[in-house]
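Pasting query13.cif here (mmCIF, C-alpha atoms):
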data_entry
loop_
_atom_site.label_atom_id
_atom_site.label_comp_id
_atom_site.auth_asym_id
_atom_site.auth_seq_id
_atom_site.Cartn_x
_atom_site.Cartn_y
_atom_site.Cartn_z
CA MET F 393 -11.28 7.64 -40.09
CA ILE F 394 -10.91 3.86 -39.77
CA ARG F 395 -7.94 4.47 -37.53
CA ASN F 396 -10.03 6.61 -35.20
CA SER F 397 -12.84 4.07 -34.96
CA ILE F 398 -10.36 1.31 -34.08
CA LEU F 399 -8.93 3.63 -31.43
CA ILE F 400 -12.38 4.33 -29.96
CA LEU F 401 -13.20 0.60 -29.96
CA LEU F 402 -9.94 -0.19 -28.16
CA ILE F 403 -10.46 2.47 -25.52
CA ALA F 404 -14.10 1.47 -25.05
CA GLY F 405 -13.09 -2.16 -24.62
CA MET F 406 -10.42 -1.22 -22.10
CA ALA F 407 -12.92 1.02 -20.28
CA TRP F 408 -15.34 -1.89 -20.07
CA ILE F 409 -12.65 -4.17 -18.60
CA LEU F 410 -11.64 -1.50 -16.08
CA PHE F 411 -15.29 -0.90 -15.17
CA GLN F 412 -15.65 -4.60 -14.37
CA GLU F 413 -12.56 -4.27 -12.16
CA PHE F 414 -14.03 -1.29 -10.40
CA SER F 415 -17.43 -2.84 -9.78
CA ALA F 416 -15.75 -5.95 -8.34
CA TYR F 417 -13.53 -3.82 -6.08
CA HIS F 418 -14.53 -3.33 -2.47
CA GLY F 419 -12.44 -1.58 0.14
CA ALA F 420 -10.55 -3.94 2.42
CA ASP F 421 -11.53 -3.92 6.08
CA LYS F 422 -8.56 -5.86 7.46
CA LEU F 423 -5.00 -6.69 6.50
CA ASN F 424 -4.32 -9.76 4.40
CA SER F 425 -2.18 -12.53 5.87
CA ILE F 426 1.20 -11.34 4.54
CA SER F 427 0.69 -7.80 5.74
CA GLU F 428 -0.59 -9.07 9.06
CA TYR F 429 2.65 -11.01 9.47
CA TYR F 430 4.62 -7.85 8.71
CA ALA F 431 2.53 -5.77 11.13
CA LYS F 432 2.90 -8.28 13.94
CA ASN F 433 6.53 -9.30 13.52
CA ALA F 434 8.38 -6.54 11.70
CA PRO F 435 8.78 -4.18 14.71
CA THR F 436 10.34 -6.89 16.87
CA GLU F 437 12.25 -8.67 14.10
CA THR F 438 13.80 -5.63 12.46
CA GLY F 439 13.47 -2.93 15.12
CA ALA F 440 12.28 -0.38 12.57
CA ALA F 441 9.37 1.88 13.51
CA ASN F 442 8.47 2.55 9.89
CA LEU F 443 7.07 -0.72 8.57
CA VAL F 444 7.40 0.34 4.93
CA THR F 445 11.14 0.77 5.50
CA ALA F 446 11.31 -2.62 7.20
CA ILE F 447 9.73 -4.20 4.12
CA VAL F 448 11.76 -2.25 1.57
CA VAL F 449 15.16 -2.72 3.21
CA THR F 450 15.00 -6.15 4.84
CA TYR F 451 12.09 -8.38 3.79
CA ARG F 452 12.23 -7.22 0.19
CA GLY F 453 15.82 -5.96 0.25
CA PHE F 454 16.69 -7.99 -2.79
CA ASP F 455 14.04 -6.08 -4.77
CA THR F 456 15.66 -2.86 -3.66
CA LEU F 457 19.08 -4.07 -4.80
CA GLY F 458 17.58 -4.83 -8.21
CA GLU F 459 15.94 -1.43 -8.28
CA VAL F 460 19.19 0.37 -7.52
CA THR F 461 20.81 -1.71 -10.25
CA ILE F 462 18.12 -0.62 -12.73
CA LEU F 463 18.74 3.00 -11.80
CA PHE F 464 22.49 2.49 -12.28
CA LEU F 465 21.90 0.90 -15.69
CA THR F 466 19.64 3.77 -16.71
CA ALA F 467 22.26 6.33 -15.75
CA ALA F 468 24.94 4.34 -17.57
CA ILE F 469 22.86 3.97 -20.75
CA ILE F 470 21.96 7.67 -20.76
CA GLY F 471 25.61 8.60 -20.32
CA PHE F 472 26.52 6.26 -23.17
CA MET F 473 23.79 7.55 -25.51
CA ILE F 474 24.51 11.21 -24.92
CA SER F 475 28.27 11.16 -24.57
CA THR F 476 29.39 13.79 -27.04
CA GLY F 477 33.07 13.15 -26.66
CA LYS F 478 33.93 16.80 -26.65
CA LYS F 479 34.33 18.34 -23.23
CA THR F 480 33.37 21.91 -23.90
CA ASP F 481 32.35 24.21 -21.11
CA ARG F 482 29.60 26.09 -22.84
CA LYS F 483 28.73 29.42 -21.36
CA PRO F 484 25.04 29.82 -20.59
CA GLU F 485 23.34 31.93 -23.22
CA GLN F 486 22.14 34.50 -20.79
CA SER F 487 23.41 35.18 -17.31
CA ASN F 488 21.38 33.96 -14.37
CA SER F 489 19.06 36.24 -12.53
CA GLU F 490 20.14 37.72 -9.23
CA LEU F 491 17.20 35.99 -7.55
CA LEU F 492 18.27 32.51 -8.63
CA GLU F 493 21.89 32.99 -7.58
CA THR F 494 21.05 34.43 -4.16
CA ALA F 495 18.33 31.88 -3.50
CA SER F 496 20.54 28.97 -4.46
CA ASN F 497 23.26 30.15 -2.08
CA VAL F 498 20.73 30.16 0.74
CA LEU F 499 18.88 26.99 -0.24
CA LEU F 500 21.71 24.64 -1.20
CA PRO F 501 22.98 23.81 2.32
CA ILE F 502 19.42 23.51 3.62
CA LEU F 503 18.39 21.17 0.79
CA ILE F 504 21.42 18.94 1.34
CA LEU F 505 20.74 18.90 5.08
CA VAL F 506 17.08 17.98 4.55
CA GLY F 507 18.03 15.20 2.14
CA VAL F 508 20.52 13.71 4.58
CA TYR F 509 18.02 14.05 7.45
CA ILE F 510 15.36 12.22 5.44
CA PHE F 511 17.51 9.23 4.61
CA ILE F 512 19.15 8.93 8.03
CA ASN F 513 15.72 8.90 9.69
CA GLY F 514 14.23 6.50 7.14
CA HIS F 515 13.53 3.81 9.74
CA LEU F 516 11.63 6.20 12.05
CA THR F 517 9.75 8.72 9.91
CA PRO F 518 8.12 8.73 6.48
CA GLY F 519 10.71 8.95 3.74
CA GLY F 520 13.95 7.09 3.31
CA GLY F 521 16.78 6.57 0.93
CA PHE F 522 14.92 7.17 -2.30
CA LEU F 523 13.26 10.36 -1.15
CA GLY F 524 16.42 11.68 0.46
CA GLY F 525 18.35 10.88 -2.69
CA ALA F 526 15.78 12.77 -4.79
CA VAL F 527 16.10 15.81 -2.49
CA LEU F 528 19.90 15.66 -2.84
CA ALA F 529 19.50 15.50 -6.62
CA SER F 530 17.23 18.54 -6.54
CA ALA F 531 20.00 20.38 -4.68
CA ILE F 532 22.35 19.41 -7.52
CA ILE F 533 19.85 20.76 -10.10
CA LEU F 534 19.80 24.08 -8.28
CA TRP F 535 23.60 24.11 -8.16
CA LEU F 536 23.78 23.35 -11.87
CA MET F 537 21.21 25.97 -12.85
CA SER F 538 22.59 28.79 -10.77
CA ALA F 539 26.23 27.97 -11.68
CA THR F 540 27.57 29.79 -8.64
CA GLY F 541 30.38 28.50 -6.50
CA PRO F 542 32.69 25.64 -7.42
CA LYS F 543 31.90 23.23 -10.25
CA ILE F 544 30.37 19.87 -9.45
CA SER F 545 33.07 17.21 -9.34
CA HIS F 546 32.17 14.30 -11.61
CA ALA F 547 34.83 12.14 -9.99
CA LEU F 548 33.28 12.71 -6.56
CA LEU F 549 29.85 11.68 -7.86
CA GLU F 550 31.27 8.53 -9.43
CA VAL F 551 33.23 7.61 -6.30
CA THR F 552 30.13 8.15 -4.13
CA GLU F 553 28.05 6.01 -6.44
CA ALA F 554 30.54 3.18 -6.67
CA PHE F 555 31.31 3.22 -2.95
CA SER F 556 27.66 3.19 -1.88
CA GLY F 557 26.64 0.49 -4.33
CA PHE F 558 29.55 -1.68 -3.28
CA GLY F 559 28.85 -1.03 0.41
CA PHE F 560 25.23 -2.08 -0.07
CA VAL F 561 26.27 -5.45 -1.52
CA ILE F 562 28.98 -5.92 1.15
CA LEU F 563 26.41 -5.32 3.91
CA GLY F 564 24.12 -7.84 2.23
CA VAL F 565 26.85 -10.48 2.11
CA LEU F 566 27.81 -9.71 5.73
CA GLY F 567 24.19 -10.56 6.56
CA ILE F 568 24.77 -14.08 5.21
CA VAL F 569 27.99 -14.49 7.20
CA LEU F 570 26.99 -12.93 10.53
CA ALA F 571 23.19 -13.25 10.66
CA GLY F 572 20.25 -15.05 9.09
CA GLY F 573 20.56 -14.28 5.40
CA PHE F 574 21.25 -11.82 2.60
CA LEU F 575 20.62 -8.21 3.75
CA ASP F 576 19.69 -9.31 7.29
CA ASN F 577 19.86 -6.18 9.44
CA LYS F 578 20.86 -7.97 12.66
CA ILE F 579 24.57 -7.69 11.86
CA LEU F 580 24.51 -4.62 14.11
CA HIS F 581 22.83 -4.47 17.49
CA LEU F 582 19.12 -3.67 17.22
CA GLY F 583 19.34 -0.96 19.90
CA THR F 584 16.47 0.83 21.61
CA PHE F 585 13.27 0.84 19.55
CA GLY F 586 12.44 4.25 18.12
CA THR F 587 15.83 5.93 18.50
CA LEU F 588 18.13 7.06 15.73
CA LEU F 589 20.74 4.34 16.32
CA SER F 590 18.35 1.42 16.20
CA ALA F 591 17.06 -1.15 13.72
CA GLY F 592 20.52 -2.69 13.18
CA ALA F 593 21.92 -2.06 9.73
CA ILE F 594 18.79 -0.39 8.29
CA PRO F 595 19.99 3.25 8.74
CA VAL F 596 23.36 2.35 7.23
CA ILE F 597 21.82 0.55 4.26
CA TYR F 598 19.28 3.31 3.69
CA SER F 599 21.97 5.99 3.85
CA LEU F 600 23.97 4.11 1.22
CA ILE F 601 20.83 3.81 -0.93
CA GLY F 602 20.18 7.53 -0.49
CA LEU F 603 23.71 8.47 -1.54
CA LYS F 604 23.53 6.12 -4.50
CA VAL F 605 20.14 7.36 -5.70
CA GLY F 606 21.25 10.97 -5.27
CA ALA F 607 24.44 10.33 -7.27
CA GLU F 608 22.59 8.45 -10.04
CA LEU F 609 19.89 11.08 -10.47
CA SER F 610 22.48 13.87 -10.41
CA LYS F 611 24.48 12.06 -13.07
CA ILE F 612 21.39 11.76 -15.30
CA ILE F 613 20.65 15.46 -14.84
CA ILE F 614 24.24 16.53 -15.49
CA VAL F 615 24.45 14.42 -18.65
CA LEU F 616 21.12 15.75 -19.94
CA ASN F 617 22.23 19.27 -19.12
CA GLN F 618 25.31 18.86 -21.30
CA THR F 619 23.11 18.58 -24.38
CA GLN F 620 21.55 21.97 -23.72
CA GLY F 621 21.76 24.27 -26.73
CA GLU F 622 23.48 21.65 -28.85
CA GLU F 623 21.05 21.56 -31.76
CA LYS F 624 21.45 25.15 -32.83
CA MET P 825 -23.44 5.73 -0.77
CA LYS P 826 -20.25 3.72 -0.54
CA TYR P 827 -18.74 5.12 -3.75
CA PHE P 828 -18.09 8.48 -2.08
CA ASN P 829 -15.46 7.01 0.21
CA ILE P 830 -11.84 7.90 -0.37
CA GLU P 831 -10.68 4.47 -1.53
CA TYR P 832 -13.40 4.26 -4.21
CA ILE P 833 -12.68 7.80 -5.38
CA SER P 834 -8.94 7.18 -5.66
CA MET P 835 -9.54 3.81 -7.35
CA ALA P 836 -11.90 5.40 -9.90
CA THR P 837 -9.43 8.25 -10.50
CA GLY P 838 -6.61 5.74 -10.99
CA LEU P 839 -8.60 3.69 -13.50
CA PHE P 840 -9.69 6.85 -15.36
CA LEU P 841 -6.08 8.11 -15.54
CA PHE P 842 -5.08 4.68 -16.84
CA LEU P 843 -7.52 5.14 -19.72
CA VAL P 844 -6.28 8.68 -20.37
CA GLY P 845 -2.68 7.50 -20.48
CA LEU P 846 -3.51 4.58 -22.75
CA TRP P 847 -5.45 6.85 -25.11
CA GLY P 848 -2.53 9.29 -25.20
CA ILE P 849 0.00 6.57 -25.96
CA ILE P 850 -2.09 5.18 -28.82
CA SER P 851 -3.40 8.38 -30.40
CA GLN P 852 -0.68 11.01 -30.04
CA LYS P 853 1.83 11.63 -32.81
CA ASN P 854 4.43 13.64 -30.94
CA ILE P 855 7.04 11.61 -29.07
CA ILE P 856 7.14 13.98 -26.10
CA LYS P 857 3.36 13.71 -25.75
CA ILE P 858 3.63 9.93 -25.84
CA ILE P 859 6.19 10.05 -23.03
CA ILE P 860 3.92 12.33 -20.98
CA SER P 861 1.04 9.89 -21.54
CA PHE P 862 3.27 7.09 -20.34
CA SER P 863 3.98 9.03 -17.14
CA VAL P 864 0.24 9.55 -16.60
CA LEU P 865 -0.34 5.81 -17.02
CA ASP P 866 2.53 5.07 -14.61
CA THR P 867 1.06 7.38 -11.97
CA SER P 868 -2.38 5.85 -12.41
CA ILE P 869 -0.98 2.44 -11.55
CA HIS P 870 0.61 3.84 -8.38
CA LEU P 871 -2.75 5.32 -7.40
CA ILE P 872 -4.54 2.00 -8.01
CA LEU P 873 -1.96 0.06 -5.98
CA VAL P 874 -2.13 2.44 -3.02
CA SER P 875 -5.92 2.44 -2.99
CA ILE P 876 -5.90 -1.38 -2.95
CA GLY P 877 -3.83 -1.25 0.23
CA TYR P 878 -5.96 1.42 1.90
CA ILE P 879 -8.14 0.40 4.82
CA ARG P 880 -10.68 2.91 6.08
CA ASN P 881 -10.16 4.57 9.50
CA LYS P 882 -6.64 3.21 9.84
CA THR P 883 -3.41 5.12 10.06
CA ALA P 884 0.04 5.12 8.46
CA PRO P 885 2.19 2.02 9.04
CA ILE P 886 4.59 3.71 11.46
CA ILE P 887 4.90 2.68 15.10
CA ASP P 888 4.64 5.81 17.23
CA GLY P 889 2.42 7.32 19.94
CA VAL P 890 -0.81 6.31 18.21
CA VAL P 891 0.13 2.79 17.12
CA SER P 892 1.93 0.53 19.56
CA LYS P 893 3.92 -2.59 18.70
CA THR P 894 1.24 -4.96 19.95
CA ASP P 895 -1.88 -3.53 18.27
CA ALA P 896 -0.19 -2.60 14.98
CA ALA P 897 -2.07 -5.29 13.04
CA THR P 898 -5.44 -3.73 13.86
CA LYS P 899 -4.54 -0.07 13.40
CA ILE P 900 -2.50 0.38 10.22
CA VAL P 901 -3.15 0.34 6.49
CA ASP P 902 -1.43 -2.26 4.33
CA PRO P 903 2.32 -1.39 4.18
CA LEU P 904 3.12 -3.79 1.33
CA PRO P 905 1.56 -1.86 -1.61
CA GLN P 906 3.26 1.27 -0.32
CA ALA P 907 6.65 -0.45 -0.43
CA LEU P 908 5.91 -1.71 -3.95
CA VAL P 909 4.86 1.78 -5.10
CA LEU P 910 8.07 3.23 -3.63
CA THR P 911 9.97 0.84 -5.90
CA ALA P 912 7.72 1.58 -8.88
CA ILE P 913 8.16 5.37 -8.61
CA VAL P 914 11.94 5.09 -8.83
CA ILE P 915 11.75 2.69 -11.77
CA GLY P 916 9.30 5.12 -13.41
CA VAL P 917 11.80 7.96 -13.09
CA GLY P 918 14.50 5.81 -14.69
CA VAL P 919 12.27 4.70 -17.55
CA THR P 920 11.06 8.24 -18.25
CA ALA P 921 14.62 9.57 -18.29
CA LEU P 922 15.63 6.79 -20.67
CA MET P 923 12.70 7.49 -23.00
CA LEU P 924 13.52 11.20 -23.07
CA THR P 925 17.10 10.34 -23.94
CA TYR P 926 15.96 8.19 -26.86
CA ALA P 927 13.66 11.02 -27.97
CA LEU P 928 16.62 13.39 -27.87
CA ARG P 929 18.69 10.98 -29.95
CA MET P 930 15.86 10.48 -32.47
CA TYR P 931 15.43 14.23 -32.75
CA SER P 932 19.11 14.80 -33.43
CA GLU P 933 19.04 12.11 -36.13
CA ASN P 934 15.84 13.12 -37.90
CA LYS P 935 15.17 16.72 -36.80
CA THR P 936 11.55 15.94 -36.05
CA LEU P 937 9.48 14.53 -33.19
CA GLU P 938 6.42 13.55 -35.26
CA ILE P 939 6.32 9.76 -35.52
CA ASN P 940 4.52 9.96 -38.87
CA LYS P 941 7.68 11.37 -40.41
CA TYR P 942 9.86 8.45 -39.33
CA LYS P 943 10.34 6.11 -42.27
CA SER P 944 12.84 3.65 -40.84
CA LEU P 945 10.30 1.70 -38.73
CA LYS P 946 7.71 1.31 -41.49
CA TRP P 947 7.43 -1.68 -43.74
#

Conversion result in structure tokens:
Amino acid sequence: MIRNSILILLIAGMAWILFQEFSAYHGADKLNSISEYYAKNAPTETGAANLVTAIVVTYRGFDTLGEVTILFLTAAIIGFMISTGKKTDRKPEQSNSELLETASNVLLPILILVGVYIFINGHLTPGGGFLGGAVLASAIILWLMSATGPKISHALLEVTEAFSGFGFVILGVLGIVLAGGFLDNKILHLGTFGTLLSAGAIPVIYSLIGLKVGAELSKIIIVLNQTQGEEK
Amino acid sequence: MKYFNIEYISMATGLFLFLVGLWGIISQKNIIKIIISFSVLDTSIHLILVSIGYIRNKTAPIIDGVVSKTDAATKIVDPLPQALVLTAIVIGVGVTALMLTYALRMYSENKTLEINKYKSLKW
């Protein structure tokens, strides 16, 4: 009982703090100075039509590098924690339904195409590397669940991941050598505003991020899938 | 009544979900439920951040037919919180996956998910 009353007190106190926050909140009616700088200068400086992409990949590109590193560490730790040592190809306990197998054959190429489209067009349309990578990973889930067609190559996933992560850092360092600073996108020509081949290195960087995120998430899913039915 | 505008509604929802998540983390006994509560709390913070950056009657921060390069500063919502939330979502996925992995490990060691039954962390 005393535990519950402490809990209620804590939640009530937190609710009071949050209520103060809410009553002090008023909707903004114009951009603050940092965002105004981004809105005015980002289209000409980076050549990207999507300002969120311009911020994520160039102005705050270092954040994104850290984020990709965190995702890599997560995948590595999960692989380390779950590694069973034994490489057994367990048969699924019941065979897949006809619906799942047929649907996955139809959907897999479309899902992969959509994922690639999303991260290639990250500088023009909503979306980008992270979303595209998540769509690619969802394609891998479908592949894994339906278990039709060839097996997923772990080596290919690892090569993709290593190559894209390394390429990301190399592009960043090239920015120091050839342009203004780390992850500067002007190492390639900015091109015509609003076309696919524009915004300098942003499409390249975002594609690498997309491949890396897709590979990391797929690795997490594959590792977690290996533990299926283990505790029986 | 200004509180019926979308930014106030989403802000209030975000703060309420924050409370729900916090309550779940403190009060629940099952590890999986704690992880779900954490995800609710995580999402509430995304909602709060996005509603801070929202400006009424403005459009998405993408230069296209509606927004031109020159008048972008007067026509778009704040792009910065959106970029931060994009980062936060991915980190949230990683953290949730990691927590589920730990839960899996703890289950295989102790054969239970109820935190009351764990003796090793008590003093």

Quiz item: Which residue out of P:Leu865, P:Ile887, P:Gln906, P:Lys943 has the minimum interatomic distance to Leu839 of chain P when all atoms listed in the file are used?
Solution: P:Leu865

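Once the PyMOL selection byres ((chain F) within 6 of (chain P)) is applied to the depicted file, the selected set reads Ala420, Asp421, Glu428, Ala431, Lys432, Ala441, Asn442, Leu443, Val444, Val448, Leu463 and Thr466 of chain F.
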
Quiz item: Hey, can you check how far atom CA of His870 of chain P sits from atom CA of Ala446 of chain F?
Solution: 20.0 Å

Practice problem: Check what the PyMOL selection byres ((chain F and resi 561) around 12) selects in the file above and give those residues as a PyMOL selection string. | Solution: chain F and resi 453-454+456-458+460-461+554-560+562-568+574-576+597+600-601

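One finds atom CA of Leu616 of chain F at 10.4 Å from atom CA of Ala467 of chain F.
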
Quiz prompt | Distance in Å - atom CA of Ile533 of chain F versus atom CA of Leu503 of chain F | solution = 11.0 Å

Quiz item: Just so the selection is clear, what residues does the PyMOL selection byres ((chain F and resi 505-521) around 8) cover here, as number ranges by chain?
Solution: F: 440-443, 445-446, 501-504, 522-528, 586-588, 591, 594-596, 598-603, 605; P: 886

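Proximity ranking of P:Ile860, P:Leu841, P:Ile855, P:Ile849 relative to Met930 of chain P places P:Ile855 first, based on all atoms listed in the file.
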
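Minimum atom-to-atom distance to Gly439 of chain F, evaluated using only C-alpha atoms, belongs to F:Gly592 out of F:Gly471, F:Gly606, F:Gly573, F:Gly592.
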
Hey, could you pull the box centre and edge lengths for segment 495-507 of chain F, axis-aligned, 4 Å padding per side, all listed atoms, to one decimal in Å, as AutoDock Vina command-line options?
--center_x 20.2 --center_y 23.5 --center_z 0.3 --size_x 14.2 --size_y 24.7 --size_z 17.5

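The residue that comes closest to Gly419 of chain F, out of P:Val864, P:Ile859, P:Val909, P:Val874 and on the basis of all atoms listed in the file, is P:Val874.
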